$ cat input-v6.tsv   # TSV, C-alpha atoms
chain	number	residue	atom	x	y	z
S	1	MET	CA	123.00	83.61	103.44
S	2	PRO	CA	122.64	81.87	106.90
S	3	TYR	CA	120.50	79.01	105.59
S	4	SER	CA	122.63	78.59	102.46
S	5	ASP	CA	125.67	77.45	104.47
S	6	ARG	CA	125.38	73.81	105.46
S	7	ARG	CA	127.52	74.38	108.57
S	8	LEU	CA	125.06	76.99	109.85
S	9	LEU	CA	122.04	75.06	108.62
S	10	ALA	CA	122.76	72.29	111.10
S	11	VAL	CA	122.81	74.82	113.94
S	12	LEU	CA	119.84	77.06	113.06
S	13	ASN	CA	116.94	74.68	113.74
S	14	HIS	CA	115.25	77.20	116.02
S	15	THR	CA	115.56	80.94	115.40
S	16	LEU	CA	113.97	84.21	116.53
S	17	TRP	CA	113.24	86.88	113.91
S	18	PHE	CA	112.99	90.42	115.33
S	19	LEU	CA	110.67	92.47	113.06
S	20	PRO	CA	109.45	96.11	113.24
S	21	SER	CA	105.66	95.67	113.71
S	22	VAL	CA	102.76	93.25	114.22
S	23	ALA	CA	101.77	93.67	110.57
S	24	SER	CA	105.29	92.80	109.39
S	25	CYS	CA	105.23	89.61	111.50
S	26	HIS	CA	102.01	88.42	109.87
S	27	ALA	CA	103.30	89.45	106.42
S	28	MET	CA	106.50	87.47	106.99
S	29	ARG	CA	104.53	84.40	108.07
S	30	ASN	CA	102.47	84.59	104.88
S	31	LEU	CA	105.63	85.01	102.82
S	32	LEU	CA	107.33	81.98	104.41
S	33	ALA	CA	104.18	79.92	103.87
S	34	SER	CA	103.84	80.87	100.20
S	35	ARG	CA	104.09	78.06	97.67
S	36	GLU	CA	107.41	79.16	96.14
S	37	ASN	CA	109.27	79.22	99.47
S	38	VAL	CA	109.43	75.43	99.74
S	39	PHE	CA	112.54	75.47	101.93
S	40	TYR	CA	110.73	77.13	104.86
S	41	HIS	CA	107.82	74.68	104.77
S	42	ASP	CA	109.94	72.38	106.98
S	43	TYR	CA	109.80	74.99	109.76
S	44	ARG	CA	106.85	75.62	112.08
S	45	VAL	CA	106.38	79.40	112.05
S	46	THR	CA	104.94	81.02	115.20
S	47	VAL	CA	103.76	84.64	115.24
S	48	CYS	CA	104.44	86.03	118.71
S	49	ALA	CA	103.00	89.51	118.15
S	50	GLY	CA	99.75	91.32	118.77
S	51	PRO	CA	97.07	90.75	121.46
S	52	GLU	CA	96.16	87.27	120.17
S	53	ALA	CA	99.69	86.05	121.00
S	54	GLY	CA	99.06	86.50	124.72
S	55	ILE	CA	100.65	88.62	127.42
S	56	GLY	CA	103.85	87.85	129.32
S	57	ALA	CA	104.50	84.14	129.91
S	58	ASP	CA	101.36	83.20	127.94
S	59	ALA	CA	103.15	84.25	124.73
S	60	LEU	CA	105.84	81.64	125.38
S	61	THR	CA	103.51	78.62	125.40
S	62	PRO	CA	102.86	78.45	121.60
S	63	VAL	CA	106.61	78.75	120.95
S	64	LEU	CA	107.49	75.83	123.23
S	65	LYS	CA	104.58	73.83	121.81
S	66	ALA	CA	105.86	74.37	118.26
S	67	MET	CA	109.33	73.22	119.34
S	68	ASN	CA	107.77	70.13	120.93
S	69	THR	CA	110.13	70.40	123.89
S	70	PRO	CA	111.84	68.32	125.20
S	71	ASN	CA	112.13	66.84	121.68
S	72	ALA	CA	113.41	70.11	120.20
S	73	LEU	CA	116.32	68.35	118.50
S	74	GLU	CA	113.87	66.73	116.09
S	75	THR	CA	111.88	69.85	115.16
S	76	LYS	CA	112.49	73.14	113.29
S	77	THR	CA	110.84	76.44	114.18
S	78	ILE	CA	110.92	80.15	113.38
S	79	THR	CA	109.50	82.60	115.91
S	80	LEU	CA	108.40	86.00	114.58
S	81	THR	CA	108.20	88.87	117.07
S	82	CYS	CA	108.26	92.66	117.21
S	83	GLY	CA	108.91	92.90	120.96
S	84	LYS	CA	107.43	89.97	122.87
S	85	LEU	CA	109.90	87.42	124.29
S	86	THR	CA	112.87	89.75	123.68
S	87	THR	CA	113.37	90.40	127.42
S	88	GLY	CA	113.14	88.29	130.55
S	89	VAL	CA	112.65	84.87	128.93
S	90	SER	CA	114.94	81.91	128.35
S	91	VAL	CA	114.27	79.66	125.37
S	92	LYS	CA	117.09	77.13	125.29
S	93	PRO	CA	116.66	75.80	121.71
S	94	TRP	CA	117.01	79.26	120.11
S	95	THR	CA	120.43	79.37	118.45
S	96	GLY	CA	120.07	82.43	116.21
S	97	ILE	CA	118.31	85.77	116.01
S	98	PHE	CA	117.71	87.78	112.82
S	99	MET	CA	117.72	91.54	113.41
S	100	LEU	CA	115.18	92.71	110.85
S	101	ARG	CA	114.17	96.02	112.43
S	102	ASN	CA	115.87	99.39	112.68
S	103	THR	CA	116.42	99.99	116.39
S	104	THR	CA	118.72	102.73	117.69
S	105	SER	CA	118.71	101.59	121.31
S	106	PRO	CA	121.70	99.46	122.33
S	107	GLU	CA	119.74	98.12	125.31
S	108	THR	CA	116.85	96.89	123.15
S	109	TYR	CA	119.25	95.44	120.60
S	110	PHE	CA	121.39	93.45	123.02
S	111	GLN	CA	118.52	92.40	125.29
S	112	ALA	CA	117.00	90.75	122.23
S	113	ALA	CA	120.35	89.41	121.02
S	114	PHE	CA	121.12	87.71	124.32
S	115	ARG	CA	117.88	85.66	124.16
S	116	VAL	CA	119.76	83.14	122.01
S	117	GLN	CA	122.65	82.89	124.47
S	118	THR	CA	120.76	80.79	127.02
S	119	PRO	CA	122.73	77.56	127.64
S	120	TRP	CA	121.13	74.32	126.47
S	121	THR	CA	122.35	71.13	128.16
S	122	ILE	CA	120.93	67.71	128.94
S	123	LYS	CA	121.68	65.87	132.19
S	124	ASN	CA	122.14	62.11	132.18
S	125	PRO	CA	121.89	61.88	128.37
S	126	ASP	CA	122.24	58.07	128.23
S	127	GLY	CA	120.12	57.40	131.32
S	128	LEU	CA	123.00	55.63	133.03
S	129	HIS	CA	125.16	58.43	134.43
S	130	PRO	CA	123.19	60.96	136.52
S	131	ASN	CA	126.18	63.24	136.98
S	132	ASN	CA	126.95	63.53	133.25
S	133	GLU	CA	125.85	66.59	131.33
S	134	GLU	CA	125.83	66.92	127.52
S	135	ILE	CA	126.13	70.37	125.93
S	136	ILE	CA	123.64	70.69	123.05
S	137	LYS	CA	124.15	74.36	122.15
S	138	ARG	CA	127.83	75.14	121.65
S	139	GLU	CA	127.39	78.29	119.56
S	140	CYS	CA	124.75	80.90	118.83
S	141	TYR	CA	124.50	83.69	116.25
S	142	VAL	CA	123.14	87.19	115.77
S	143	PHE	CA	122.52	87.98	112.09
S	144	ASP	CA	122.32	91.64	111.18
S	145	PHE	CA	121.96	92.85	107.61
S	146	ALA	CA	122.63	96.53	108.48
S	147	PRO	CA	126.36	96.55	109.34
S	148	ASN	CA	126.53	100.30	109.97
S	149	ARG	CA	123.83	100.12	112.63
S	150	ALA	CA	125.13	96.91	114.22
S	151	LEU	CA	128.73	98.09	114.56
S	152	ARG	CA	127.67	101.52	115.81
S	153	LEU	CA	125.57	99.91	118.56
S	154	ILE	CA	128.46	97.60	119.50
S	155	SER	CA	130.76	100.61	119.78
S	156	GLU	CA	128.26	102.61	121.89
S	157	TYR	CA	127.30	99.70	124.13
S	158	SER	CA	130.85	98.52	124.85
S	159	CYS	CA	131.93	102.07	125.73
S	160	ALA	CA	128.88	102.56	127.97
S	161	LEU	CA	129.56	99.29	129.82
S	162	ASN	CA	133.10	100.33	130.72
S	163	ILE	CA	133.20	103.82	132.30
S	164	ASP	CA	136.91	103.71	133.07
S	165	ILE	CA	138.27	106.95	131.54
S	166	SER	CA	141.79	105.54	131.43
S	167	THR	CA	140.74	102.90	128.89
S	168	ASN	CA	140.48	104.03	125.28
S	169	PRO	CA	137.47	103.10	123.09
S	170	GLU	CA	139.42	100.55	121.06
S	171	GLN	CA	140.36	98.62	124.21
S	172	LYS	CA	136.73	98.70	125.39
S	173	VAL	CA	135.46	97.39	122.06
S	174	ALA	CA	138.21	94.73	121.96
S	175	GLU	CA	137.19	93.48	125.41
S	176	PHE	CA	133.52	93.33	124.38
S	177	ILE	CA	134.06	91.46	121.08
S	178	HIS	CA	136.30	88.97	122.89
S	179	PHE	CA	133.03	87.58	124.31
S	180	LEU	CA	130.86	88.52	121.31
S	181	PRO	CA	133.03	88.09	118.18
S	182	VAL	CA	131.92	90.02	115.09
S	183	LEU	CA	132.19	88.23	111.74
S	184	CYS	CA	131.78	89.79	108.31
S	185	TYR	CA	130.96	88.04	105.05
S	186	ASP	CA	133.43	89.11	102.33
S	187	GLY	CA	131.66	87.32	99.50
S	188	SER	CA	133.19	83.92	100.00
S	189	SER	CA	133.89	83.38	103.69
S	190	MET	CA	133.30	84.72	107.19
S	191	LYS	CA	136.17	86.64	108.78
S	192	ALA	CA	136.56	88.22	112.21
S	193	VAL	CA	136.50	92.01	112.47
S	194	ASN	CA	138.84	93.60	115.01
S	195	ALA	CA	138.14	96.55	117.31
S	196	GLY	CA	139.96	99.04	115.08
S	197	ASP	CA	137.85	98.05	112.07
S	198	ILE	CA	134.64	98.45	114.06
S	199	LEU	CA	135.55	101.98	115.15
S	200	ASP	CA	136.61	102.88	111.60
S	201	TYR	CA	133.33	101.57	110.27
S	202	THR	CA	131.26	103.61	112.72
S	203	VAL	CA	133.06	106.78	111.63
S	204	SER	CA	133.32	106.38	107.85
S	205	GLY	CA	130.76	103.68	106.99
S	206	THR	CA	133.46	101.19	105.97
S	207	THR	CA	137.08	100.37	106.68
S	208	ALA	CA	140.22	100.15	104.61
S	209	THR	CA	140.72	96.57	105.81
S	210	LEU	CA	137.26	95.43	104.71
S	211	LEU	CA	137.71	97.13	101.34
S	212	ALA	CA	141.06	95.43	100.89
S	213	ARG	CA	139.47	92.07	101.69
S	214	ARG	CA	136.97	92.61	98.90
S	215	TRP	CA	139.87	92.51	96.46
S	216	GLU	CA	141.05	89.25	98.01
S	217	SER	CA	137.65	87.60	97.67
S	218	ALA	CA	137.51	84.29	95.81
S	219	MET	CA	134.25	85.49	94.23
S	220	LEU	CA	136.08	88.01	92.01
S	221	VAL	CA	137.49	85.31	89.74
S	222	ASN	CA	135.88	82.27	88.13
S	223	VAL	CA	137.77	78.97	88.20
S	224	ASP	CA	134.95	76.54	87.47
S	225	ASN	CA	135.55	73.77	84.93
S	226	GLU	CA	133.87	75.58	82.04
S	227	THR	CA	135.92	78.74	82.57
S	228	LEU	CA	139.13	76.73	82.85
S	229	ARG	CA	138.29	74.89	79.62
S	230	ARG	CA	137.70	78.18	77.80
S	231	LEU	CA	140.94	79.54	79.23
S	232	MET	CA	142.91	76.48	78.16
S	233	ALA	CA	141.40	76.63	74.66
S	234	SER	CA	142.67	80.19	74.20
S	235	GLN	CA	146.39	79.95	73.49
S	236	GLU	CA	146.78	83.74	73.55
S	237	ALA	CA	145.29	84.04	77.04
S	238	MET	CA	147.38	81.14	78.33
S	239	ASN	CA	150.59	82.62	76.91
S	240	ALA	CA	149.79	86.01	78.45
S	241	LEU	CA	149.23	84.54	81.91
S	242	MET	CA	152.22	82.19	81.76
S	243	ASN	CA	154.46	85.19	81.08
S	244	ILE	CA	153.59	86.48	84.56
S	245	GLU	CA	155.60	85.21	87.51
S	246	GLY	CA	153.66	82.51	89.37
S	247	PHE	CA	151.69	81.29	86.34
S	248	ARG	CA	154.47	79.26	84.68
S	249	SER	CA	152.80	75.89	85.28
S	250	LEU	CA	149.23	77.09	84.63
S	251	ASN	CA	148.75	74.99	81.50
S	252	LYS	CA	149.75	71.79	83.26
S	253	ASP	CA	147.64	72.57	86.36
S	254	ILE	CA	144.45	73.27	84.37
S	255	GLU	CA	144.92	70.15	82.27
S	256	THR	CA	145.35	68.04	85.41
S	257	ILE	CA	142.19	69.50	87.01
S	258	ILE	CA	140.05	68.91	83.92
S	259	ASN	CA	141.35	65.38	83.26
S	260	LYS	CA	141.02	64.23	86.87
S	261	ASN	CA	137.55	65.77	87.15
S	262	GLU	CA	136.38	63.94	84.02
S	263	LEU	CA	137.88	60.67	85.30
S	264	ILE	CA	136.07	61.04	88.65
S	265	ASN	CA	132.74	61.74	86.95
S	266	LYS	CA	133.23	58.79	84.61
S	267	THR	CA	134.00	56.42	87.51
S	268	LYS	CA	130.95	57.59	89.47
S	269	ARG	CA	128.74	57.28	86.39
S	270	GLU	CA	129.92	53.77	85.47
S	271	LYS	CA	130.04	52.22	88.94
S	272	GLY	CA	127.18	54.09	90.57
S	273	ASP	CA	126.11	52.39	93.83
S	274	ASP	CA	128.55	49.50	93.23
S	275	ILE	CA	131.59	51.64	93.94
S	276	THR	CA	133.98	49.98	96.42
S	277	LYS	CA	135.51	51.51	99.55
S	278	THR	CA	138.92	51.48	97.87
S	279	ASP	CA	137.56	53.40	94.89
S	280	LYS	CA	135.77	55.83	97.21
S	281	LYS	CA	138.99	56.51	99.10
S	282	LYS	CA	140.89	57.03	95.84
S	283	LEU	CA	138.21	59.39	94.49
S	284	THR	CA	138.24	61.38	97.74
S	285	GLU	CA	142.02	61.83	97.53
S	286	GLU	CA	141.79	62.93	93.90
S	287	GLN	CA	138.99	65.38	94.73
S	288	LYS	CA	141.15	66.87	97.46
S	289	GLU	CA	144.02	67.23	94.98
S	290	ILE	CA	141.72	68.93	92.45
S	291	LYS	CA	140.39	71.27	95.12
S	292	SER	CA	143.92	72.18	96.19
S	293	MET	CA	145.08	72.89	92.63
S	294	ARG	CA	141.93	74.89	91.83
S	295	LYS	CA	142.52	76.97	94.95
S	296	GLN	CA	146.13	77.66	93.90
S	297	ILE	CA	144.96	78.94	90.49
S	298	GLN	CA	142.27	80.99	92.21
S	299	GLU	CA	144.79	82.58	94.58
S	300	LYS	CA	147.11	83.46	91.69
S	301	LEU	CA	144.29	85.17	89.79
S	302	ILE	CA	143.22	87.00	92.96
S	303	LYS	CA	146.77	88.37	93.27
S	304	PHE	CA	146.27	89.88	89.84
S	305	ALA	CA	142.91	91.34	90.91
S	306	THR	CA	144.52	93.01	93.94
S	307	ARG	CA	146.65	95.11	91.56
S	308	ILE	CA	143.55	96.84	90.17
S	309	PRO	CA	143.21	99.25	93.17
S	310	VAL	CA	146.84	100.28	92.58
S	311	PHE	CA	145.98	101.06	88.98
S	312	MET	CA	142.90	103.02	90.12
S	313	TYR	CA	145.05	105.17	92.41
S	314	LEU	CA	147.42	105.99	89.57
S	315	THR	CA	144.83	106.83	86.92
S	316	ASP	CA	142.65	109.95	87.02
S	317	TYR	CA	139.75	108.97	84.74
S	318	ARG	CA	136.74	108.62	87.04
S	319	GLU	CA	133.95	109.11	84.52
S	320	ASN	CA	134.96	106.12	82.36
S	321	CYS	CA	134.46	102.48	83.25
S	322	LEU	CA	137.76	100.87	84.20
S	323	ARG	CA	137.69	98.54	81.21
S	324	ASP	CA	137.66	101.54	78.82
S	325	VAL	CA	140.43	103.28	80.77
S	326	ILE	CA	142.58	100.16	80.52
S	327	THR	CA	141.99	99.48	76.85
S	328	GLN	CA	141.80	103.04	75.47
S	329	LEU	CA	143.23	105.65	77.84
S	330	GLU	CA	146.01	104.09	79.91
S	331	PRO	CA	147.17	100.83	78.26
S	332	GLY	CA	150.84	101.53	78.99
S	333	LEU	CA	150.19	102.21	82.69
S	334	PHE	CA	148.10	99.06	83.01
S	335	LYS	CA	150.90	97.01	81.45
S	336	LYS	CA	153.40	98.38	83.99
S	337	VAL	CA	151.13	97.77	86.99
S	338	THR	CA	149.76	94.32	86.10
S	339	GLY	CA	152.12	92.83	83.51
S	340	LEU	CA	149.23	92.29	81.07
S	341	GLY	CA	148.70	94.03	77.76
S	342	VAL	CA	145.34	95.31	76.50
S	343	ASN	CA	144.72	92.32	74.21
S	344	ASP	CA	145.58	89.93	77.02
S	345	PHE	CA	143.19	91.67	79.39
S	346	GLU	CA	140.39	91.65	76.80
S	347	GLN	CA	140.91	87.93	76.30
S	348	LEU	CA	140.57	87.21	80.03
S	349	VAL	CA	137.43	89.36	80.32
S	350	SER	CA	135.81	87.69	77.30
S	351	LEU	CA	136.53	84.28	78.84
S	352	ASN	CA	134.68	85.37	82.02
S	353	VAL	CA	137.76	84.83	84.19
S	354	PHE	CA	136.81	87.96	86.15
S	355	ASN	CA	133.39	88.43	87.72
S	356	GLY	CA	132.27	91.79	86.28
S	357	THR	CA	129.33	92.32	88.67
S	358	LEU	CA	131.41	91.92	91.82
S	359	MET	CA	134.26	93.93	90.30
S	360	ASN	CA	131.82	96.81	89.81
S	361	GLN	CA	130.69	96.64	93.44
S	362	ALA	CA	134.26	96.59	94.72
S	363	ILE	CA	135.31	99.52	92.50
S	364	PHE	CA	132.34	101.71	93.46
S	365	GLN	CA	132.96	101.10	97.17
S	366	PHE	CA	136.65	101.82	96.68
S	367	LYS	CA	135.82	105.14	95.04
S	368	ARG	CA	133.39	106.12	97.80
S	369	TYR	CA	136.06	105.43	100.41
S	370	GLU	CA	138.65	107.33	98.39
S	371	ASN	CA	136.30	110.34	98.17
S	372	ALA	CA	135.80	110.34	101.93
S	373	SER	CA	139.55	110.15	102.57
S	374	LEU	CA	140.24	113.17	100.35
S	375	GLU	CA	137.32	115.42	101.34
S	376	TYR	CA	138.94	116.74	104.49
S	377	THR	CA	141.88	118.07	102.44
S	378	GLY	CA	139.57	119.95	100.10
S	379	ILE	CA	140.77	117.90	97.11
S	380	ASN	CA	138.04	117.09	94.61
S	381	ARG	CA	139.15	116.83	91.01
S	382	HIS	CA	135.86	115.47	89.81
S	383	THR	CA	133.30	118.16	90.74
S	384	LYS	CA	132.25	118.62	87.10
S	385	ASP	CA	131.88	114.92	86.33
S	386	THR	CA	128.29	113.75	85.83
S	387	HIS	CA	129.10	110.03	85.64
S	388	VAL	CA	131.20	107.56	87.62
S	389	GLY	CA	132.71	104.44	86.08
S	390	GLY	CA	132.96	100.95	87.54
S	391	PHE	CA	134.62	97.91	85.97
S	392	ASP	CA	132.42	97.59	82.88
S	393	THR	CA	129.54	99.86	83.94
S	394	VAL	CA	129.01	103.63	84.16
S	395	VAL	CA	126.39	105.16	86.51
S	396	THR	CA	125.27	108.74	87.07
S	397	LYS	CA	126.85	110.64	89.92
S	398	GLU	CA	123.49	110.77	91.70
S	399	GLU	CA	123.17	106.97	91.55
S	400	PHE	CA	126.75	106.66	92.82
S	401	VAL	CA	126.09	108.94	95.81
S	402	ASN	CA	122.89	107.04	96.71
S	403	MET	CA	124.55	103.63	96.68
S	404	ASP	CA	124.35	101.71	99.95
$ encode --input "input-v6.tsv" --output "structure tokens"
Amino acid sequence: MPYSDRRLLAVLNHTLWFLPSVASCHAMRNLLASRENVFYHDYRVTVCAGPEAGIGADALTPVLKAMNTPNALETKTITLTCGKLTTGVSVKPWTGIFMLRNTTSPETYFQAAFRVQTPWTIKNPDGLHPNNEEIIKRECYVFDFAPNRALRLISEYSCALNIDISTNPEQKVAEFIHFLPVLCYDGSSMKAVNAGDILDYTVSGTTATLLARRWESAMLVNVDNETLRRLMASQEAMNALMNIEGFRSLNKDIETIINKNELINKTKREKGDDITKTDKKKLTEEQKEIKSMRKQIQEKLIKFATRIPVFMYLTDYRENCLRDVITQLEPGLFKKVTGLGVNDFEQLVSLNVFNGTLMNQAIFQFKRYENASLEYTGINRHTKDTHVGGFDTVVTKEEFVNMD
């Protein structure tokens, strides 16, 4: 994900990857150098692990050489380590660290994490003003792909730093993340996690807030041009949606998006490099209008998706996939909760308006959280069930329990 976002891509020219062993460092270097990983061929990869990497300050020399300091702005590097250079060194161009090892020590974790926090500035950048100083590194990132571990360590470390018994854990965590904000990826964007969410996550493995955000993710619905065309071509689906409050002008909005998009593509195709500044400005304004209208349709469909957890709370069929429950077992309840009939729902699913794969993930996580919230009361109505249903998929109970 980090390198797929163009905003982060511009920042992550030099990164440190923290791996579990010397062998894993060499294996990662070979993987990055393999023929199919063309993207990483632009980066100079340095293995800073094992006796051949040198001891102490000697291990730093190959890293700085690869960066070609002081011309580090023009180079790209990845440093692979399993321990070297994670304490007591300052490498200014590092702007990100990837935590790719399972450490349980907060001290080891944050010592390594703070390697990328070293300020990077240049004095007298234009050669004319000796007192001027330009800030090169304005932000740095720690990427962790094990949220349970990362948030647990943040909770433990922030509480250990502040020994004041009059301050509760949430206040301690809040103070810590004020200086080290925690962001989570909800499928479409990065959002800040507050202290309460972090403590909830360390106790239960997830939080109600993060689960709720999954149902607000733009990834759950498809509003690309092809999907909108299919939707517009189905009069039944359009009539069903336009009967719901907020979708009255859907037909007009979709038609505008498709027509304007085709006009923009036609103009670009016909004029090519000869396009004038006036035309460029006009196309930019129209693209902004299309983006705004597409987002409005997306938000309206997401509002419908957020009603699905309500329906899941009300229905008691856990062993069936939700699609079967809606269409066969509880069509009347679904109509009351969402405003859509069974035929309408089937139409939308067949048109790929809803992303079935992500719906399944969200439903399974919802059910795991619901189980945890009911266990302490002794309520378990589904002890005899051997299968658990998602949106359009059914898995065995064993697979469900073993899900990450």
$ closest_residue --input "input-v6.tsv" --among "S:Val342, S:Ala362, S:Leu228, S:Leu241" --to "Asn261 in chain S" --atoms "all atoms listed in the file"
S:Leu228
$ closest_residue --input "input-v6.tsv" --among "S:Arg307, S:Lys252, S:Arg294, S:Arg101" --to "Ala146 in chain S" --atoms "all atoms listed in the file"
S:Arg101
$ closest_residue --input "input-v6.tsv" --among "S:Asp42, S:Glu399, S:Glu226, S:Glu270" --to "Lys76 in chain S" --atoms "only C-alpha atoms"
S:Asp42
$ atom_distance --input "input-v6.tsv" --atom1 "CA of Ile55 in chain S" --atom2 "CA of Thr95 in chain S"
23.6 Å
$ atom_distance --input "input-v6.tsv" --atom1 "CA of Val182 in chain S" --atom2 "CA of Ala112 in chain S"
16.6 Å
$ atom_distance --input "input-v6.tsv" --atom1 "CA of Lys92 in chain S" --atom2 "CA of Ala72 in chain S"
9.4 Å
